[in-house]
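Data from protein_4.csv: CSV, C-alpha atoms
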chain,number,residue,atom,x,y,z
A,77,MET,CA,-9.7,24.6,9.4
A,78,GLU,CA,-13.2,24.3,8.0
A,79,SER,CA,-14.9,25.2,11.3
A,80,VAL,CA,-12.8,28.4,11.4
A,81,ALA,CA,-13.6,29.2,7.8
A,82,ARG,CA,-17.3,28.6,8.2
A,83,ALA,CA,-17.5,31.0,11.2
A,84,ILE,CA,-15.6,33.7,9.4
A,85,PHE,CA,-17.7,33.3,6.2
A,86,ARG,CA,-20.8,33.7,8.3
A,87,ALA,CA,-19.4,36.9,9.8
A,88,TYR,CA,-18.9,38.3,6.2
A,89,ASN,CA,-22.4,37.1,5.1
A,90,TYR,CA,-21.3,34.3,2.8
A,91,HIS,CA,-23.5,31.3,2.2
A,92,GLU,CA,-22.5,27.8,1.3
A,93,ILE,CA,-22.9,26.5,-2.2
A,94,ARG,CA,-22.3,22.8,-3.3
A,95,THR,CA,-21.6,22.1,-6.9
A,96,PRO,CA,-21.3,18.7,-8.6
A,97,ILE,CA,-17.9,17.0,-8.7
A,98,LEU,CA,-18.6,16.1,-12.3
A,99,GLU,CA,-19.3,18.9,-14.8
A,100,GLU,CA,-19.4,19.0,-18.6
A,101,THR,CA,-15.8,19.4,-19.9
A,102,GLN,CA,-16.7,22.4,-22.0
A,103,LEU,CA,-17.5,24.4,-18.9
A,104,PHE,CA,-13.9,24.3,-17.8
A,105,ALA,CA,-12.5,24.8,-21.4
A,106,ARG,CA,-14.6,28.0,-21.8
A,107,GLY,CA,-14.2,29.2,-18.2
A,108,VAL,CA,-10.7,28.3,-17.3
A,109,GLY,CA,-9.2,28.7,-20.8
A,110,GLU,CA,-8.3,26.4,-23.7
A,111,GLU,CA,-4.6,27.1,-23.4
A,112,THR,CA,-4.2,26.8,-19.7
A,113,ASP,CA,-2.2,23.9,-18.3
A,114,ILE,CA,-5.3,22.7,-16.4
A,115,VAL,CA,-7.2,22.2,-19.6
A,116,THR,CA,-4.4,21.0,-21.8
A,117,LYS,CA,-2.7,18.7,-19.4
A,118,GLU,CA,-4.3,18.1,-16.0
A,119,MET,CA,-8.0,17.4,-16.2
A,120,TYR,CA,-9.5,13.9,-15.7
A,121,THR,CA,-11.9,13.7,-18.6
A,122,PHE,CA,-14.0,10.8,-19.9
A,123,ASP,CA,-16.9,10.1,-22.3
A,124,ASP,CA,-20.3,9.4,-20.9
A,125,HIS,CA,-22.5,8.2,-23.8
A,126,GLY,CA,-21.4,11.0,-26.1
A,127,THR,CA,-21.0,13.7,-23.4
A,128,SER,CA,-17.6,14.7,-22.2
A,129,LEU,CA,-17.4,15.0,-18.4
A,130,THR,CA,-14.6,16.2,-16.2
A,131,LEU,CA,-13.8,15.9,-12.5
A,132,ARG,CA,-13.7,19.5,-11.4
A,133,PRO,CA,-10.2,20.9,-11.4
A,134,GLU,CA,-11.3,24.1,-9.7
A,135,ASN,CA,-14.6,25.5,-8.6
A,136,THR,CA,-15.1,29.1,-9.8
A,137,ALA,CA,-16.5,28.0,-13.2
A,138,SER,CA,-18.9,25.6,-11.5
A,139,VAL,CA,-20.1,28.3,-9.1
A,140,ILE,CA,-20.7,30.8,-11.9
A,141,ARG,CA,-22.5,28.1,-13.9
A,142,ALA,CA,-24.8,27.4,-10.9
A,143,TYR,CA,-25.2,31.1,-10.3
A,144,ILE,CA,-26.5,31.6,-13.9
A,145,GLU,CA,-28.5,28.4,-14.0
A,146,HIS,CA,-30.4,29.1,-10.8
A,147,HIS,CA,-30.9,32.8,-11.6
A,148,LEU,CA,-28.9,34.1,-8.7
A,149,ASP,CA,-28.0,37.0,-11.0
A,150,GLN,CA,-31.5,38.3,-10.5
A,151,ARG,CA,-31.2,38.6,-6.8
A,152,PRO,CA,-30.5,42.0,-5.3
A,153,GLY,CA,-27.1,42.9,-4.0
A,154,VAL,CA,-23.8,41.1,-4.1
A,155,GLN,CA,-24.1,37.4,-4.0
A,156,LYS,CA,-21.5,35.9,-1.6
A,157,LEU,CA,-21.0,32.2,-1.9
A,158,TYR,CA,-18.4,29.9,-0.3
A,159,TYR,CA,-17.5,26.2,-0.9
A,160,LEU,CA,-15.4,23.4,0.6
A,161,GLY,CA,-14.6,20.2,-1.1
A,162,PRO,CA,-12.3,18.0,-3.3
A,163,MET,CA,-10.8,19.0,-6.7
A,164,PHE,CA,-8.9,16.8,-9.1
A,165,ARG,CA,-5.9,17.4,-11.3
A,166,ARG,CA,-3.5,15.0,-13.1
A,167,GLU,CA,-0.2,16.3,-11.7
A,168,ARG,CA,3.0,14.7,-10.5
A,169,PRO,CA,2.4,14.2,-6.8
A,170,GLN,CA,4.8,16.0,-4.4
A,171,LYS,CA,4.7,17.8,-1.1
A,172,GLY,CA,1.7,20.1,-1.2
A,173,ARG,CA,0.5,18.9,-4.6
A,174,TYR,CA,-1.9,16.0,-4.9
A,175,ARG,CA,-4.1,14.6,-7.6
A,176,GLN,CA,-7.1,14.9,-5.3
A,177,PHE,CA,-6.8,18.0,-3.2
A,178,PHE,CA,-9.2,20.1,-1.1
A,179,GLN,CA,-10.1,23.7,-1.4
A,180,ILE,CA,-11.8,26.3,0.8
A,181,GLY,CA,-13.0,29.1,-1.5
A,182,ALA,CA,-15.4,31.9,-2.0
A,183,GLU,CA,-16.9,34.1,-4.7
A,184,ALA,CA,-18.4,37.6,-4.4
A,185,ILE,CA,-20.5,38.3,-7.5
A,186,GLY,CA,-22.2,41.4,-8.6
A,187,SER,CA,-19.8,44.3,-7.9
A,188,GLU,CA,-16.8,45.9,-9.6
A,189,SER,CA,-16.0,48.0,-6.6
A,190,PRO,CA,-12.3,47.9,-5.4
A,191,LEU,CA,-13.9,48.0,-1.9
A,192,ILE,CA,-15.1,44.4,-2.5
A,193,ASP,CA,-11.6,43.4,-3.6
A,194,ALA,CA,-10.2,44.7,-0.4
A,195,GLU,CA,-12.9,43.0,1.7
A,196,VAL,CA,-12.3,39.7,0.0
A,197,ILE,CA,-8.6,39.9,0.7
A,198,GLU,CA,-9.3,40.9,4.3
A,199,LEU,CA,-11.6,37.8,4.6
A,200,VAL,CA,-8.7,35.7,3.3
A,201,VAL,CA,-6.3,37.2,5.9
A,202,GLU,CA,-8.9,36.6,8.7
A,203,ILE,CA,-9.3,32.9,7.8
A,204,LEU,CA,-5.5,32.3,7.7
A,205,LYS,CA,-5.0,34.0,11.0
A,206,GLY,CA,-8.0,32.2,12.5
A,207,ALA,CA,-6.5,28.9,11.4
A,208,GLY,CA,-3.3,29.7,13.2
A,209,LEU,CA,-1.0,30.5,10.2
A,210,THR,CA,1.7,33.0,10.8
A,211,GLY,CA,4.6,34.4,8.7
A,212,PHE,CA,2.6,34.3,5.4
A,213,LYS,CA,3.0,37.0,2.7
A,214,LEU,CA,0.3,38.5,0.6
A,215,GLN,CA,1.2,39.3,-3.0
A,216,ILE,CA,-1.0,41.4,-5.3
A,217,ASN,CA,-1.1,42.6,-8.9
A,218,SER,CA,-3.4,43.9,-11.6
A,219,VAL,CA,-3.6,42.1,-15.0
A,220,GLY,CA,-5.7,44.8,-16.7
A,221,ASP,CA,-8.9,44.3,-18.6
A,222,HIS,CA,-10.2,43.7,-22.1
A,223,ASN,CA,-9.1,47.2,-23.1
A,224,CYS,CA,-5.5,47.3,-22.0
A,225,ARG,CA,-4.5,43.7,-21.6
A,226,PRO,CA,-4.6,42.8,-25.4
A,227,LEU,CA,-2.1,45.6,-26.1
A,228,TYR,CA,0.2,44.2,-23.4
A,229,ILE,CA,-0.2,40.7,-24.6
A,230,GLU,CA,0.8,41.8,-28.1
A,231,LYS,CA,3.8,43.6,-26.6
A,232,LEU,CA,4.8,40.4,-24.9
A,233,ARG,CA,4.4,38.4,-28.1
A,234,GLN,CA,6.8,40.7,-29.8
A,235,GLU,CA,9.3,40.6,-27.0
A,236,LEU,CA,9.2,36.8,-26.9
A,237,GLN,CA,9.8,36.2,-30.6
A,238,ASP,CA,13.6,36.1,-30.1
A,239,LYS,CA,13.6,34.9,-26.5
A,240,ALA,CA,11.1,32.0,-26.5
A,241,PRO,CA,13.3,29.6,-28.5
A,242,ALA,CA,15.8,29.5,-25.5
A,243,MET,CA,13.0,28.8,-23.0
A,244,CYS,CA,11.2,25.6,-21.9
A,245,GLY,CA,8.9,23.8,-24.3
A,246,ASP,CA,5.7,25.1,-22.5
A,247,CYS,CA,6.9,28.7,-22.8
A,248,GLN,CA,7.7,28.2,-26.5
A,249,ARG,CA,4.2,27.1,-27.1
A,250,ARG,CA,2.6,29.8,-24.9
A,251,ALA,CA,4.7,32.5,-26.5
A,252,GLU,CA,2.4,32.3,-29.5
A,253,SER,CA,-0.9,30.9,-28.2
A,254,ASN,CA,-1.1,32.8,-24.9
A,255,PRO,CA,2.0,34.9,-24.0
A,256,LEU,CA,0.6,36.0,-20.6
A,257,ARG,CA,1.0,32.4,-19.4
A,258,VAL,CA,4.8,32.7,-19.9
A,259,LEU,CA,4.9,34.9,-16.8
A,260,ASP,CA,3.4,32.0,-14.8
A,261,CYS,CA,6.3,29.7,-15.7
A,262,LYS,CA,8.0,28.1,-12.7
A,263,VAL,CA,11.1,26.7,-14.6
A,264,GLU,CA,14.1,28.2,-12.8
A,265,ALA,CA,16.2,28.6,-16.0
A,266,ASP,CA,13.5,30.8,-17.5
A,267,GLN,CA,13.2,33.3,-14.7
A,268,PRO,CA,15.9,35.7,-15.9
A,269,VAL,CA,14.2,36.0,-19.2
A,270,ILE,CA,10.8,36.5,-17.5
A,271,ASP,CA,12.2,39.2,-15.2
A,272,ALA,CA,13.4,41.2,-18.2
A,273,LEU,CA,10.0,41.2,-19.9
A,274,PRO,CA,7.8,44.4,-19.8
A,275,SER,CA,5.7,44.9,-16.7
A,276,ILE,CA,1.9,44.8,-17.1
A,277,LEU,CA,1.6,47.7,-14.6
A,278,ASP,CA,3.2,50.0,-17.2
A,279,SER,CA,0.5,49.1,-19.7
A,280,LEU,CA,-2.6,49.5,-17.5
A,281,CYS,CA,-5.3,51.9,-18.8
A,282,GLU,CA,-6.4,54.7,-16.6
A,283,THR,CA,-9.5,52.9,-15.4
A,284,CYS,CA,-7.5,49.8,-14.3
A,285,ARG,CA,-4.8,51.9,-12.8
A,286,ALA,CA,-7.3,53.8,-10.7
A,287,HIS,CA,-9.0,50.6,-9.7
A,288,PHE,CA,-5.7,49.0,-8.5
A,289,ASP,CA,-4.7,52.2,-6.7
A,290,ALA,CA,-8.0,52.2,-4.8
A,291,VAL,CA,-7.5,48.5,-3.9
A,292,LYS,CA,-4.1,49.3,-2.4
A,293,GLN,CA,-5.5,52.3,-0.5
A,294,PHE,CA,-8.3,50.2,1.0
A,295,LEU,CA,-5.7,47.5,2.1
A,296,ASP,CA,-3.5,50.2,3.5
A,297,GLY,CA,-6.5,51.6,5.5
A,298,ARG,CA,-7.1,48.1,6.9
A,299,GLY,CA,-3.5,47.7,7.9
A,300,ILE,CA,-3.0,44.7,5.6
A,301,GLU,CA,0.6,44.3,4.4
A,302,TYR,CA,1.2,43.3,0.8
A,303,GLU,CA,3.8,43.2,-1.9
A,304,VAL,CA,3.1,44.2,-5.5
A,305,ARG,CA,4.3,41.5,-7.9
A,306,PRO,CA,4.0,42.8,-11.5
A,307,ARG,CA,4.6,39.4,-13.1
A,308,MET,CA,2.1,37.5,-11.0
A,309,VAL,CA,-0.7,36.7,-13.4
A,310,ARG,CA,-2.2,33.5,-11.9
A,311,GLY,CA,-2.8,30.4,-14.0
A,312,LEU,CA,-6.4,30.9,-15.2
A,313,ASP,CA,-7.6,32.9,-18.2
A,314,TYR,CA,-10.7,34.4,-16.6
A,315,TYR,CA,-8.7,36.7,-14.2
A,316,MET,CA,-8.7,40.4,-14.9
A,317,ARG,CA,-7.6,43.4,-12.8
A,318,THR,CA,-6.9,42.4,-9.2
A,319,THR,CA,-5.0,39.1,-8.7
A,320,PHE,CA,-3.5,37.9,-5.5
A,321,GLU,CA,-1.6,35.0,-3.8
A,322,VAL,CA,-0.5,34.1,-0.3
A,323,VAL,CA,2.7,32.3,0.1
A,324,HIS,CA,4.3,30.6,3.0
A,325,GLY,CA,7.9,29.4,3.4
A,326,SER,CA,7.2,26.0,5.0
A,327,LEU,CA,5.9,24.5,1.8
A,328,GLY,CA,9.2,24.6,-0.2
A,329,ALA,CA,8.7,24.8,-4.0
A,330,GLN,CA,4.9,24.6,-3.7
A,331,ASN,CA,4.8,27.7,-1.5
A,332,SER,CA,1.4,29.1,-2.6
A,333,VAL,CA,-1.3,28.6,0.1
A,334,LEU,CA,-4.0,30.3,-1.9
A,335,GLY,CA,-4.8,32.4,-4.9
A,336,GLY,CA,-7.5,34.5,-6.2
A,337,GLY,CA,-8.6,37.5,-8.3
A,338,ARG,CA,-11.3,39.3,-10.2
A,339,TYR,CA,-13.1,37.8,-13.2
A,340,ASP,CA,-15.5,40.5,-14.4
A,341,GLY,CA,-16.3,38.8,-17.8
A,342,LEU,CA,-16.6,35.2,-16.8
A,343,ALA,CA,-20.3,35.0,-16.2
A,344,GLU,CA,-21.0,36.5,-19.7
A,345,SER,CA,-18.6,34.0,-21.3
A,346,LEU,CA,-20.6,31.2,-19.7
A,347,GLY,CA,-23.9,32.5,-21.0
A,348,SER,CA,-25.2,35.1,-18.5
A,349,LYS,CA,-27.3,37.9,-20.1
A,350,ILE,CA,-26.5,40.2,-17.1
A,351,HIS,CA,-23.2,41.8,-16.4
A,352,SER,CA,-22.0,39.9,-13.3
A,353,PRO,CA,-18.5,41.1,-12.2
A,354,GLY,CA,-17.0,39.0,-9.5
A,355,ILE,CA,-13.9,38.3,-7.4
A,356,GLY,CA,-13.0,35.1,-5.5
A,357,PHE,CA,-10.2,32.9,-4.1
A,358,SER,CA,-9.5,29.3,-3.3
A,359,ILE,CA,-7.3,28.1,-0.4
A,360,GLY,CA,-5.4,24.9,-0.8
A,361,GLU,CA,-6.7,23.3,2.3
A,362,ASP,CA,-4.0,20.5,2.3
A,363,ARG,CA,-1.3,23.2,2.0
A,364,LEU,CA,-2.8,25.3,4.8
A,365,VAL,CA,-2.9,22.3,7.1
A,366,MET,CA,0.8,21.5,6.3
A,367,SER,CA,1.8,25.2,6.9
A,368,VAL,CA,0.0,25.4,10.2
A,369,GLU,CA,1.4,22.1,11.4
A,370,GLY,CA,4.8,23.6,10.6
A,371,ASP,CA,4.1,26.7,12.6
A,372,GLN,CA,2.7,25.2,15.8
A,373,ALA,CA,2.2,22.0,17.7
A,374,PRO,CA,-1.2,20.3,17.7
A,375,SER,CA,-3.7,21.6,20.3
A,376,PRO,CA,-2.9,19.8,23.6
A,377,LEU,CA,-5.3,17.5,25.5
A,378,ASP,CA,-6.8,19.5,28.3
A,379,LEU,CA,-7.4,16.7,30.8
A,380,TYR,CA,-6.6,13.0,31.1
A,381,ILE,CA,-8.7,11.3,33.8
A,382,ALA,CA,-7.4,8.2,35.6
A,383,PRO,CA,-10.1,6.3,37.5
A,384,MET,CA,-9.1,3.8,40.3
A,385,GLY,CA,-11.7,1.1,40.6
A,386,ASP,CA,-15.0,0.2,39.0
A,387,ALA,CA,-17.1,2.8,40.9
A,388,ALA,CA,-14.6,5.5,39.9
A,389,THR,CA,-14.8,4.4,36.2
A,390,ARG,CA,-18.5,4.9,36.2
A,391,ARG,CA,-18.2,8.3,37.9
A,392,VAL,CA,-15.5,9.6,35.6
A,393,ALA,CA,-17.6,8.8,32.5
A,394,LEU,CA,-20.1,11.4,33.8
A,395,MET,CA,-17.4,13.9,34.8
A,396,ALA,CA,-15.8,13.6,31.4
A,397,ARG,CA,-19.2,14.3,29.7
A,398,ASP,CA,-19.6,17.5,31.8
A,399,PHE,CA,-16.1,18.7,31.1
A,400,ARG,CA,-16.5,18.1,27.4
A,401,ARG,CA,-19.8,20.1,27.4
A,402,ALA,CA,-17.8,22.9,28.9
A,403,GLY,CA,-15.5,22.9,25.8
A,404,LEU,CA,-12.6,21.0,27.2
A,405,ALA,CA,-10.7,18.2,25.4
A,406,VAL,CA,-10.8,15.1,27.7
A,407,GLU,CA,-9.6,11.6,27.5
A,408,LEU,CA,-10.3,8.6,29.9
A,409,ALA,CA,-7.5,6.3,31.0
A,410,GLU,CA,-7.6,2.5,31.1
A,411,GLY,CA,-5.6,0.2,33.3
A,412,LYS,CA,-3.3,0.9,36.2
A,413,LEU,CA,-2.3,4.3,37.5
A,414,LYS,CA,1.3,4.1,36.4
A,415,ARG,CA,0.3,3.2,32.9
A,416,ALA,CA,-2.2,6.0,32.9
A,417,MET,CA,0.4,8.6,33.8
A,418,GLU,CA,2.7,7.3,31.1
A,419,MET,CA,-0.1,7.7,28.6
A,420,ALA,CA,-0.9,11.2,29.8
A,421,ASN,CA,2.7,12.2,29.0
A,422,LYS,CA,2.6,10.6,25.6
A,423,LEU,CA,-0.7,12.4,24.8
A,424,ALA,CA,0.8,15.7,26.0
A,425,ALA,CA,-2.1,16.3,28.4
A,426,ARG,CA,-1.9,19.6,30.3
A,427,TYR,CA,-3.5,18.1,33.4
A,428,THR,CA,-4.4,14.7,34.8
A,429,LEU,CA,-7.1,13.9,37.2
A,430,ILE,CA,-7.0,11.0,39.6
A,431,VAL,CA,-10.3,9.7,40.9
A,432,GLY,CA,-10.6,7.0,43.5
A,433,GLU,CA,-12.9,6.1,46.4
A,434,ASN,CA,-11.5,8.8,48.7
A,435,GLU,CA,-11.9,11.5,46.1
A,436,MET,CA,-15.5,10.4,45.4
A,437,ALA,CA,-16.3,10.4,49.2
A,438,THR,CA,-14.9,13.9,49.7
A,439,GLY,CA,-15.9,15.5,46.4
A,440,LYS,CA,-12.4,16.7,45.9
A,441,TYR,CA,-10.1,15.3,43.2
A,442,ALA,CA,-6.3,15.3,42.7
A,443,LEU,CA,-5.6,17.6,39.7
A,444,LYS,CA,-2.0,17.5,38.5
A,445,ASN,CA,-0.3,20.0,36.3
A,446,MET,CA,1.8,17.8,34.0
A,447,SER,CA,4.3,20.6,33.2
A,448,THR,CA,5.0,21.9,36.7
A,449,GLY,CA,4.1,18.8,38.8
A,450,GLU,CA,1.9,20.9,41.0
A,451,GLN,CA,-1.1,18.9,42.4
A,452,LEU,CA,-4.2,20.4,43.9
A,453,ASP,CA,-7.4,18.9,45.5
A,454,LEU,CA,-10.4,20.6,43.9
A,455,THR,CA,-14.1,20.1,43.4
A,456,GLN,CA,-15.4,19.3,39.9
A,457,ASP,CA,-16.6,22.9,39.4
A,458,GLU,CA,-13.3,24.3,40.5
A,459,ILE,CA,-11.5,22.0,38.1
A,460,ALA,CA,-13.7,23.1,35.2
A,461,ALA,CA,-13.1,26.8,36.0
A,462,LYS,CA,-9.3,26.4,36.4
A,463,LEU,CA,-8.9,24.5,33.1
A,464,ALA,CA,-11.1,26.9,31.2
A,465,ALA,CA,-9.0,29.9,32.5
A,466,ALA,CA,-5.8,28.1,31.7
A,467,ARG,CA,-6.7,27.8,28.0
A,468,TYR,CA,-6.6,31.6,27.5

Using structure tokens, write down the structure that the file contains.
Amino acid sequence: MESVARAIFRAYNYHEIRTPILEETQLFARGVGEETDIVTKEMYTFDDHGTSLTLRPENTASVIRAYIEHHLDQRPGVQKLYYLGPMFRRERPQKGRYRQFFQIGAEAIGSESPLIDAEVIELVVEILKGAGLTGFKLQINSVGDHNCRPLYIEKLRQELQDKAPAMCGDCQRRAESNPLRVLDCKVEADQPVIDALPSILDSLCETCRAHFDAVKQFLDGRGIEYEVRPRMVRGLDYYMRTTFEVVHGSLGAQNSVLGGGRYDGLAESLGSKIHSPGIGFSIGEDRLVMSVEGDQAPSPLDLYIAPMGDAATRRVALMARDFRRAGLAVELAEGKLKRAMEMANKLAARYTLIVGENEMATGKYALKNMSTGEQLDLTQDEIAAKLAAARY
């Protein structure tokens, strides 16, 4: 997964950034939001000689902190950064949700253009396809900005005054402190109430509406399918305007593979003196692996080589090296031929190669197709060419 992601990041001119696993707690409280579940419930926090430190629960705030601290906001152009690594949240472990989990993510900082939004979403789609994921669904929304969102939040607060008492405890608290978070509730019994709440799309200002329309047009132009989800707000306070998620059915209740969005005011809230709009995403790497494993079988072993005798054992070690250098997945057998063929079946090898004294003398080796049973006598070069061609 990570190799695929790195190659695609490079094609889009993203560069790797590595942030500390430990950061000051206040960074996440300010960046993620005081009233988010992450800050109020899920962070691993401890005191270090009077300084409160936290295991990073997400990485966008850390990247923006580093972006400011190392003056990346003074470099020309959009700064494109990606990261891979572990995050930590105190949650109830279940399928697709772990207390230590891994993320592949990226941030594009320095542009408000909807073209960048579409490019970031295109990048996400390319990574998922490159990793072998099929059947996923892209969902998008706009959550407005500092001009129109406060009016919508107040409208929500008014609507929830009578409805919140019948909802879960979290929603009752959020209804007053941060009504937008009510839309992010996953409690099944609360969904009919949430579905009846006003849509944020009806409250967008003209600027945000034009921005969202442009994002959709750019996605349409790229042939990227999406569904507009008006009540998708994401779980972090720093998001504004474009937000998006990708979901996949193989994960059950934890069906979100990745999420992301725009955060045009985050850098300023963390101390930047320069307006640094940005958009990013994070892929739940654990969930992506689970989803791909549900979609397809592991990559098969290209070649299982069975030597017959000591001289053949020495020869096949060199042959295996040459095949591996050609990009083939190769394993060497041990023991008798019958046992080797049994193991080749267990490992789901596409081909087996039998090497004995006669084969070494003639320079031709018995290559067996394990699915059809066909066996051919070929030279080493012919074997390499046939196996390489058979992979595509």

(request) Can you work out which one of A:Arg94, A:Arg132, A:Arg305, A:Arg298 has the shortest atom-to-atom distance to Phe164 in chain A, counting all atoms listed in the file? (result)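 Using all atoms listed in the file, the shortest distance to Phe164 in chain A belongs to A:Arg132.
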
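One distance worth recording is that between CA of Pro190 in chain A and CA of Glu321 in chain A, which is 16.8 Å.
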
(message) So that I can see what lies close to Phe178 in chain A, please list as a PyMOL selection string the residues with an atom at most 8 Å from it, counting all atoms listed in the file and leaving out residues fewer than 2 positions away in the same chain.
(response) chain A and resi 160-163+176+180+360-362

(request) Compile the contact shell of Glu344 in chain A as a PyMOL selection string: residues with an atom at most 12 Å away, counting all atoms listed in the file, same-chain residues fewer than 2 positions apart removed. (result) chain A and resi 106-107+137+140-141+143-144+149+314+339-342+346-354

(request) Go through A:Tyr315, A:Arg285, A:Gln150, A:Ser358 one by one, measure the shortest atom-to-atom distance of each to Leu334 in chain A using all atoms listed in the file, and give the residue with the smallest value. (result)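 Among A:Tyr315, A:Arg285, A:Gln150, A:Ser358, it is A:Ser358 that comes nearest to Leu334 in chain A.
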
(message) Give me the residues near Ala388 in chain A as a ChimeraX atom specification, where near means some atom within 8 Å (using all atoms listed in the file) and where sequence neighbours in that chain fewer than 4 positions away do not count.
(response) /A:383-384,392,431-433,436

(request) Give the answer as one residue: which of A:Ala182, A:Met316, A:Ile270, A:Leu256 has the shortest atom-to-atom distance to Ile229 in chain A, using all atoms listed in the file? (result)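 Result for the nearest residue to Ile229 in chain A: A:Leu256.
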
(message) Could you check the closest approach to Gly126 in chain A for each of A:Ser332, A:Ser345, A:Thr389, A:Thr101 and tell me which residue wins, using only C-alpha atoms?
(response) A:Thr101

(request) Would you work out the distance separating CA of Arg168 in chain A from CA of Asn254 in chain A, expressed in Å to one decimal? (result)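 We find that CA of Arg168 in chain A and CA of Asn254 in chain A lie 23.5 Å from each other.
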
(request) Have a look at A:Leu273, A:Ile216, A:Val154, A:Ala240 and name the one nearest to Arg317 in chain A; count only C-alpha atoms. (result)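 Looking only at the distances to Arg317 in chain A, the closest residue turns out to be A:Ile216.
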
(request) List the residues sitting within 8 Å of (-15.2, 24.7, 31.0) in the file's frame, using only C-alpha atoms, as a PyMOL selection string. (result) chain A and resi 399-404+460-461+463-464

(request) Name the residues in contact with Lys117 in chain A at a cut-off of 9 Å, using all atoms listed in the file, excluding same-chain residues fewer than 6 positions from it; report them as a VMD selection string. (result) chain A and resid 165 to 167

(request) Choose the residue, out of A:Asp193, A:Glu458, A:Asp124, A:Glu410, that has the smallest atom-to-atom separation from Gly337 in chain A; count all atoms listed in the file. (result)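 Of A:Asp193, A:Glu458, A:Asp124, A:Glu410, the one nearest Gly337 in chain A, counting all atoms listed in the file, is A:Asp193.
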
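The coordinates place CA of Ala387 in chain A at 14.7 Å from CA of Lys412 in chain A.
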
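The residue set within 10 Å of Phe85 in chain A, counting only C-alpha atoms and dropping same-chain residues fewer than 3 places from it, reads Ser79, Val80, Ala81, Arg82, Tyr88, Asn89, Tyr90, His91, Glu92, Lys156, Leu157, Tyr158, Gly181, Ala182, Leu199, Val200, Glu202 and Ile203 of chain A.
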
Return range 186-197 of chain A, completed with N, CA and C atoms, as a short mmCIF file (atom, residue, chain, number, x, y, z; two decimals), keeping the file's coordinate frame.
data_model
loop_
_atom_site.label_atom_id
_atom_site.label_comp_id
_atom_site.auth_asym_id
_atom_site.auth_seq_id
_atom_site.Cartn_x
_atom_site.Cartn_y
_atom_site.Cartn_z
N GLY A 186 -21.23 40.37 -8.41
CA GLY A 186 -22.20 41.40 -8.60
C GLY A 186 -21.69 42.83 -8.34
N SER A 187 -20.37 43.00 -8.17
CA SER A 187 -19.80 44.30 -7.90
C SER A 187 -18.44 44.45 -8.53
N GLU A 188 -18.17 45.60 -9.12
CA GLU A 188 -16.80 45.90 -9.60
C GLU A 188 -16.02 46.76 -8.67
N SER A 189 -16.59 47.08 -7.53
CA SER A 189 -16.00 48.00 -6.60
C SER A 189 -14.63 47.49 -6.06
N PRO A 190 -13.60 48.31 -6.03
CA PRO A 190 -12.30 47.90 -5.40
C PRO A 190 -12.51 47.67 -3.89
N LEU A 191 -13.57 48.22 -3.31
CA LEU A 191 -13.90 48.00 -1.90
C LEU A 191 -14.14 46.49 -1.66
N ILE A 192 -14.84 45.85 -2.61
CA ILE A 192 -15.10 44.40 -2.50
C ILE A 192 -13.81 43.63 -2.60
N ASP A 193 -12.91 44.05 -3.49
CA ASP A 193 -11.60 43.40 -3.60
C ASP A 193 -10.89 43.39 -2.27
N ALA A 194 -10.85 44.56 -1.64
CA ALA A 194 -10.20 44.70 -0.40
C ALA A 194 -10.85 43.85 0.72
N GLU A 195 -12.17 43.81 0.69
CA GLU A 195 -12.90 43.00 1.70
C GLU A 195 -12.63 41.54 1.52
N VAL A 196 -12.58 41.06 0.26
CA VAL A 196 -12.30 39.70 0.00
C VAL A 196 -10.88 39.30 0.50
N ILE A 197 -9.92 40.18 0.24
CA ILE A 197 -8.60 39.90 0.70
C ILE A 197 -8.51 39.96 2.24
#
